[in-house]
Amino acid sequence: MKPRAFSYFRADTIDQALNAHARAGDDARFIAGGQSLVPALSLRLQAPRLLIDIAHIADLRGIRREGDTLRIGALTRHCEMLSEPLIAEFAPLLRAAAPFVAHPAIRNRGTFGGSVALADPASEFPAMTLALGAEIEIAGPSGSRRVKADDFFIDLFETALQPGELITAVHVPLFRSGQRFAFDELARRRGDYALVGCGILASHTGDRIDDIRIAFFSVGNTPTRVKGAEAALTGFTFDAARIAAAQAALEDDLAPPESDEVPPAMRLHLARVLLGRLLGRLGEGA
Amino acid sequence: MSGIGDDMLVDGADETMRVRFVVNGRKVACEVAPRETLVDCLRNVLELTGTHAGCEMGACGACLVQIDGRAVHSCLMFAVQADGARIDTIEGLSESGVIADLQAEFHRRNALQCGFCTPGMLVNAHELLSQVTRPSREAIRDALSGNYCRCTGYEAIVDAIDAVAKARVEARVEVRSEGGSAT
C-alpha cells in the first residue's frame, strides 16, 4: 500500500522541528531513520498531515562522555553501536544487543532515539535502557527534561513523551570495572522479533552481586525489569540455587500476553531458560 | 526549506517538491510528492527498474540500494528524505564493474532463478564483502537474513559469495607476492 498524502519539512534545528510540530496542531510526526514509521505509513496505520524530518539536526548527533555518563545522540544509528569505540568501551551491553536488531540494511538507517521513542515491546534497545539505568533526554515546547528509563515506558507504544516532544539523547552510566553484562534472545530466525530477549548489567565485589538490573523484552506491553529475580540475586553469588530462585521469581515478575503462536506458559518457560543461560555466563565471568 | 508556513500543510493534495540526488554518479533533479518512496522514484521517475519493489515494508530486501555508501531499503524511505544524497543502484554498481565478480559467480552457480531478489542480494553481498574480507558461511547467512529468495534455497547464493570472498583474498595475496607497489 501507499501512504496517505502528507507534507514534508526538513528541520535544521531542534527548535525548527518543535515549532513545525506545534504549528501543525500536533497532526505531525517526527521522522529520523523511518525504519518503523515508513511501513506504518505505508500500511496506513498512521496518516499524519506533516512529516518533520529530524535526521539532519546536528545537535541530535554524536556520542560523547559527560561526567559519569555516555551521552548517546538520538540520531546514532544502530550500525554505529557496532562500530563506535566509545560504545564498545562504555556501553558494551548496547554493542552486544546491536547485532540482534533487525537486519544489516535496517541497522544502517534505524536510529537509537527512534527505537526508544517507538518503545516497541519486542525491540532490544528500549529494554537495554532499563537494564543500563539510562536517562532519556527530551526536548519539547516547554523546554528540556530528563526521564529515567524506569519511568519512561508506560504501556504498549506509550511512553512519557508528550505530543510534540522528541528524544534528543540517551544518557548511559559508564561501564566500569567490577561490572559484568550479558545479552541474548531467542528467535525463530535471525533478525525476526524475539520470542523472548534479555539484557543484564551486574555490579560485583568479588563474586558477590552488589546490584543487578535484568530487563526482558517481548514479554508484554512494555520492556520489563524483573525485580523479583533481581532481589533473588542481590547480595549473593551466581550459584545454582540463586539462579534457580531467580528463574522461579519470573513467574511473579512476568505476565506474558495471551497469544495463539506463543502461549504465556511457553514464553515464561523460554524466559526462564534464557535467564538461566545468561546468569550462568555471568557467573563464569562473562 | 528554512521554515514552515501554513500553506505547506495540504490535505490530500499531492503537491510535489524538487529533490536533487547524485544517482550512479550523475546529478539528477526531479519533482516528487512527499509520499513517494525512493524505490518508486527510482523506478517510475528515473526509470531505473533494476531496483525491485517487493514487500514495500522492509522485509524482503529486493529494493536495497546504497545511500552514501551504505545498503538501505529504498522502500523504507521517501525520496524527499534522500535529497542531497548519493545513491547507487544495481545499474550503477553493474556499470562500474565493482560487482562483476559477484555477478559472474551468481551466474556460474545458478544463484538465481527468477532473479527478482538478485539486485538486493548483490547490493547486500557487496556491502558485506566491503566490510568483512573473509566472512564465514554463518556470517554470510546472517548478513542475508533480510533478503528473501523464493527460488534457490539460498545455498547457491551463499556458495557464490563465499567463493568471491575467497577469490578476492587470493587475488590480493598474488598482487602482494608479485612484489609490486600495490596497496
# chains A, B, ... in the order shown; residues from 1 in each chain; ligands from 1
$ residues_around --residues "stretch 154-163 of chain B" --least-positions-apart "3" --cutoff "12 Å" --atoms "only C-alpha atoms" --output "PyMOL selection string"
chain B and resi 99+101-113+115+117-118+120-130+132-145+147-151+166-170
$ closest_atom_pairs --of "chain A" --to "chain B" --cutoff "6 Å" --atoms "only C-alpha atoms" --output "Markdown table"
| residue | atom | partner | partner_atom | distance |
| --- | --- | --- | --- | --- |
| A:Ala5 | CA | B:Gly12 | CA | 5.3 |
| A:Ser7 | CA | B:Leu9 | CA | 5.8 |
| A:Tyr8 | CA | B:Pro34 | CA | 5.9 |
| A:Gln35 | CA | B:Leu76 | CA | 5.9 |
| A:Val38 | CA | B:Leu76 | CA | 5.6 |
| A:Pro39 | CA | B:Met57 | CA | 4.9 |
| A:His103 | CA | B:Gly146 | CA | 5.4 |
| A:Ala105 | CA | B:Val72 | CA | 4.7 |
$ atom_distance --atom1 "atom CA of A:Pro92" --atom2 "atom CA of A:Thr69"
13.3 Å
$ select_by_dssp --residues "stretch 67-122 of chain A" --states "strand (DSSP E)" --output "compact mmCIF listing (two decimals) with all heavy atoms, in the first residue's frame"
# COMPACT_ATOMS: atom_id res chain seq x y z
N THR A 69 28.57 9.70 32.66
CA THR A 69 27.67 9.06 31.70
C THR A 69 28.18 9.22 30.28
O THR A 69 29.02 10.06 29.98
CB THR A 69 26.24 9.65 31.76
OG1 THR A 69 26.28 11.01 31.33
CG2 THR A 69 25.66 9.56 33.16
N LEU A 70 27.66 8.36 29.42
CA LEU A 70 27.89 8.47 28.00
C LEU A 70 26.63 9.06 27.39
O LEU A 70 25.54 8.53 27.58
CB LEU A 70 28.16 7.07 27.42
CG LEU A 70 28.73 7.02 26.00
CD1 LEU A 70 30.12 7.62 25.96
CD2 LEU A 70 28.77 5.57 25.52
N ARG A 71 26.80 10.19 26.69
CA ARG A 71 25.64 10.80 26.04
C ARG A 71 25.57 10.29 24.61
O ARG A 71 26.46 10.56 23.80
CB ARG A 71 25.75 12.33 26.04
CG ARG A 71 24.53 13.02 25.45
CD ARG A 71 24.77 14.53 25.37
NE ARG A 71 23.56 15.25 24.99
CZ ARG A 71 23.14 15.41 23.73
NH1 ARG A 71 23.84 14.88 22.74
NH2 ARG A 71 22.03 16.08 23.47
N ILE A 72 24.52 9.56 24.33
CA ILE A 72 24.37 8.97 23.00
C ILE A 72 23.29 9.75 22.26
O ILE A 72 22.11 9.72 22.64
CB ILE A 72 23.97 7.48 23.11
CG1 ILE A 72 25.01 6.72 23.95
CG2 ILE A 72 23.84 6.86 21.72
CD1 ILE A 72 24.59 5.30 24.27
N GLY A 73 23.69 10.49 21.24
CA GLY A 73 22.75 11.31 20.48
C GLY A 73 21.63 10.47 19.89
O GLY A 73 21.85 9.32 19.48
$ atom_distance --atom1 "atom CA of A:Leu50" --atom2 "atom CA of A:Ala139"
19.0 Å
$ residues_around --residues "stretch 131-137 of chain A" --least-positions-apart "5" --cutoff "7 Å" --atoms "only C-alpha atoms" --output "count of residues only"
18
$ closest_residue --among "A:Thr111, A:Gly280, A:Lys227, A:Asp120" --to "A:Ala249" --atoms "only C-alpha atoms"
A:Lys227
$ select_by_dssp --residues "stretch 93-126 of chain B" --states "alpha helix (DSSP H)" --output "list of chain:residue names"
B:Leu93, B:Ser94, B:Glu95, B:Ser96, B:Ala100, B:Asp101, B:Leu102, B:Gln103, B:Ala104, B:Glu105, B:Phe106, B:His107, B:Arg108, B:Thr118, B:Pro119, B:Gly120, B:Met121, B:Leu122, B:Val123, B:Asn124, B:Ala125, B:His126
$ residues_around --residues "A:Ser123" --least-positions-apart "2" --cutoff "8 Å" --atoms "only C-alpha atoms" --output "PyMOL selection string"
chain A and resi 101+115+119-121+125-127+193+217-218
$ residues_around --residues "A:Ala160" --least-positions-apart "3" --cutoff "8 Å" --atoms "only C-alpha atoms" --output "JSON list (two decimals) with C-alpha atoms, in the first residue's frame"
[["chain", "number", "residue", "atom", "x", "y", "z"],
["A", 147, "VAL", "CA", 13.22, 10.97, 32.42],
["A", 151, "ASP", "CA", 9.69, 5.85, 34.34],
["A", 152, "PHE", "CA", 9.69, 6.16, 30.55],
["A", 153, "PHE", "CA", 7.85, 3.09, 29.29],
["A", 154, "ILE", "CA", 4.20, 3.29, 30.28]]
$ decode --residues "stretch 36-143 of chain A" --atoms "C-alpha atoms" --output "PDB file, in the first residue's frame"
ATOM      1  CA  SER A  36       9.346   1.598  11.644  1.00  0.00           C
ATOM      2  CA  LEU A  37       7.452   4.764  10.725  1.00  0.00           C
ATOM      3  CA  VAL A  38       7.613   4.334   6.932  1.00  0.00           C
ATOM      4  CA  PRO A  39       6.000   0.884   6.981  1.00  0.00           C
ATOM      5  CA  ALA A  40       3.406   2.188   9.465  1.00  0.00           C
ATOM      6  CA  LEU A  41       2.597   4.966   6.991  1.00  0.00           C
ATOM      7  CA  SER A  42       2.589   2.587   4.039  1.00  0.00           C
ATOM      8  CA  LEU A  43       0.142   0.316   5.850  1.00  0.00           C
ATOM      9  CA  ARG A  44      -1.829   3.433   6.819  1.00  0.00           C
ATOM     10  CA  LEU A  45      -1.616   2.552  10.478  1.00  0.00           C
ATOM     11  CA  GLN A  46      -0.694   6.216  10.776  1.00  0.00           C
ATOM     12  CA  ALA A  47      -1.640   9.092   8.483  1.00  0.00           C
ATOM     13  CA  PRO A  48      -0.241  12.406   9.723  1.00  0.00           C
ATOM     14  CA  ARG A  49      -0.620  15.631   7.712  1.00  0.00           C
ATOM     15  CA  LEU A  50       3.022  16.546   8.168  1.00  0.00           C
ATOM     16  CA  LEU A  51       6.312  14.673   8.416  1.00  0.00           C
ATOM     17  CA  ILE A  52       9.105  16.589  10.123  1.00  0.00           C
ATOM     18  CA  ASP A  53      12.484  15.189   9.139  1.00  0.00           C
ATOM     19  CA  ILE A  54      14.871  15.471  12.093  1.00  0.00           C
ATOM     20  CA  ALA A  55      17.643  13.369  10.534  1.00  0.00           C
ATOM     21  CA  HIS A  56      19.777  16.386   9.632  1.00  0.00           C
ATOM     22  CA  ILE A  57      19.787  18.135  13.026  1.00  0.00           C
ATOM     23  CA  ALA A  58      23.419  18.307  14.144  1.00  0.00           C
ATOM     24  CA  ASP A  59      22.541  18.620  17.849  1.00  0.00           C
ATOM     25  CA  LEU A  60      20.961  15.161  17.784  1.00  0.00           C
ATOM     26  CA  ARG A  61      24.169  13.520  16.591  1.00  0.00           C
ATOM     27  CA  GLY A  62      27.282  12.287  18.291  1.00  0.00           C
ATOM     28  CA  ILE A  63      28.421  10.137  21.185  1.00  0.00           C
ATOM     29  CA  ARG A  64      30.489  11.692  23.978  1.00  0.00           C
ATOM     30  CA  ARG A  65      31.432  11.334  27.638  1.00  0.00           C
ATOM     31  CA  GLU A  66      29.724  13.709  30.032  1.00  0.00           C
ATOM     32  CA  GLY A  67      30.975  13.125  33.572  1.00  0.00           C
ATOM     33  CA  ASP A  68      29.921   9.651  34.675  1.00  0.00           C
ATOM     34  CA  THR A  69      27.673   9.058  31.703  1.00  0.00           C
ATOM     35  CA  LEU A  70      27.893   8.467  27.996  1.00  0.00           C
ATOM     36  CA  ARG A  71      25.635  10.803  26.037  1.00  0.00           C
ATOM     37  CA  ILE A  72      24.366   8.966  23.001  1.00  0.00           C
ATOM     38  CA  GLY A  73      22.750  11.308  20.485  1.00  0.00           C
ATOM     39  CA  ALA A  74      19.274  10.304  19.371  1.00  0.00           C
ATOM     40  CA  LEU A  75      20.344  10.016  15.730  1.00  0.00           C
ATOM     41  CA  THR A  76      23.022   7.411  16.488  1.00  0.00           C
ATOM     42  CA  ARG A  77      22.351   4.638  14.018  1.00  0.00           C
ATOM     43  CA  HIS A  78      22.097   1.006  15.083  1.00  0.00           C
ATOM     44  CA  CYS A  79      25.140   0.160  12.956  1.00  0.00           C
ATOM     45  CA  GLU A  80      27.173   2.741  14.895  1.00  0.00           C
ATOM     46  CA  MET A  81      26.528   0.747  18.070  1.00  0.00           C
ATOM     47  CA  LEU A  82      28.668  -1.935  16.430  1.00  0.00           C
ATOM     48  CA  SER A  83      31.425   0.338  15.165  1.00  0.00           C
ATOM     49  CA  GLU A  84      31.850   3.148  17.708  1.00  0.00           C
ATOM     50  CA  PRO A  85      34.761   2.599  20.145  1.00  0.00           C
ATOM     51  CA  LEU A  86      33.044   4.675  22.883  1.00  0.00           C
ATOM     52  CA  ILE A  87      30.077   2.301  22.812  1.00  0.00           C
ATOM     53  CA  ALA A  88      32.331  -0.761  22.985  1.00  0.00           C
ATOM     54  CA  GLU A  89      34.193   0.662  25.976  1.00  0.00           C
ATOM     55  CA  PHE A  90      31.488   2.387  27.987  1.00  0.00           C
ATOM     56  CA  ALA A  91      28.201   0.773  26.924  1.00  0.00           C
ATOM     57  CA  PRO A  92      29.170  -2.761  25.885  1.00  0.00           C
ATOM     58  CA  LEU A  93      25.673  -4.063  26.593  1.00  0.00           C
ATOM     59  CA  LEU A  94      24.382  -1.932  23.698  1.00  0.00           C
ATOM     60  CA  ARG A  95      27.099  -3.307  21.471  1.00  0.00           C
ATOM     61  CA  ALA A  96      26.132  -6.840  22.462  1.00  0.00           C
ATOM     62  CA  ALA A  97      22.468  -6.164  21.641  1.00  0.00           C
ATOM     63  CA  ALA A  98      23.054  -4.390  18.320  1.00  0.00           C
ATOM     64  CA  PRO A  99      23.653  -7.453  16.086  1.00  0.00           C
ATOM     65  CA  PHE A 100      20.200  -8.702  17.081  1.00  0.00           C
ATOM     66  CA  VAL A 101      18.415  -5.524  15.959  1.00  0.00           C
ATOM     67  CA  ALA A 102      16.682  -6.318  12.661  1.00  0.00           C
ATOM     68  CA  HIS A 103      18.914  -6.836   9.596  1.00  0.00           C
ATOM     69  CA  PRO A 104      22.081  -5.057   8.432  1.00  0.00           C
ATOM     70  CA  ALA A 105      20.340  -2.683   5.997  1.00  0.00           C
ATOM     71  CA  ILE A 106      17.802  -1.659   8.659  1.00  0.00           C
ATOM     72  CA  ARG A 107      20.658  -1.056  11.111  1.00  0.00           C
ATOM     73  CA  ASN A 108      22.255   1.277   8.554  1.00  0.00           C
ATOM     74  CA  ARG A 109      19.329   3.699   8.864  1.00  0.00           C
ATOM     75  CA  GLY A 110      17.425   2.996  12.069  1.00  0.00           C
ATOM     76  CA  THR A 111      18.259   5.279  14.989  1.00  0.00           C
ATOM     77  CA  PHE A 112      18.704   4.637  18.700  1.00  0.00           C
ATOM     78  CA  GLY A 113      16.464   7.536  19.710  1.00  0.00           C
ATOM     79  CA  GLY A 114      13.790   6.405  17.285  1.00  0.00           C
ATOM     80  CA  SER A 115      13.809   2.901  18.694  1.00  0.00           C
ATOM     81  CA  VAL A 116      13.481   4.157  22.268  1.00  0.00           C
ATOM     82  CA  ALA A 117      10.751   6.657  21.281  1.00  0.00           C
ATOM     83  CA  LEU A 118       8.704   4.000  19.498  1.00  0.00           C
ATOM     84  CA  ALA A 119       9.066   1.689  22.521  1.00  0.00           C
ATOM     85  CA  ASP A 120       8.198  -1.451  20.634  1.00  0.00           C
ATOM     86  CA  PRO A 121       7.951  -4.060  23.403  1.00  0.00           C
ATOM     87  CA  ALA A 122       9.789  -6.536  21.158  1.00  0.00           C
ATOM     88  CA  SER A 123      12.733  -4.217  20.491  1.00  0.00           C
ATOM     89  CA  GLU A 124      16.159  -4.697  22.004  1.00  0.00           C
ATOM     90  CA  PHE A 125      17.306  -1.140  22.752  1.00  0.00           C
ATOM     91  CA  PRO A 126      14.337   0.137  24.804  1.00  0.00           C
ATOM     92  CA  ALA A 127      14.795  -2.801  27.177  1.00  0.00           C
ATOM     93  CA  MET A 128      18.534  -2.164  27.338  1.00  0.00           C
ATOM     94  CA  THR A 129      17.957   1.404  28.550  1.00  0.00           C
ATOM     95  CA  LEU A 130      16.178  -0.216  31.504  1.00  0.00           C
ATOM     96  CA  ALA A 131      18.998  -2.666  32.164  1.00  0.00           C
ATOM     97  CA  LEU A 132      21.521   0.173  31.980  1.00  0.00           C
ATOM     98  CA  GLY A 133      19.606   2.535  34.250  1.00  0.00           C
ATOM     99  CA  ALA A 134      19.735   5.124  31.474  1.00  0.00           C
ATOM    100  CA  GLU A 135      18.073   8.524  31.369  1.00  0.00           C
ATOM    101  CA  ILE A 136      16.170   9.798  28.373  1.00  0.00           C
ATOM    102  CA  GLU A 137      16.821  13.445  27.421  1.00  0.00           C
ATOM    103  CA  ILE A 138      13.758  15.067  25.902  1.00  0.00           C
ATOM    104  CA  ALA A 139      13.135  18.409  24.193  1.00  0.00           C
ATOM    105  CA  GLY A 140       9.651  19.847  23.886  1.00  0.00           C
ATOM    106  CA  PRO A 141       7.593  23.012  23.646  1.00  0.00           C
ATOM    107  CA  SER A 142       8.023  23.641  27.380  1.00  0.00           C
ATOM    108  CA  GLY A 143      11.781  23.055  27.435  1.00  0.00           C
TER     109      GLY A 143
END
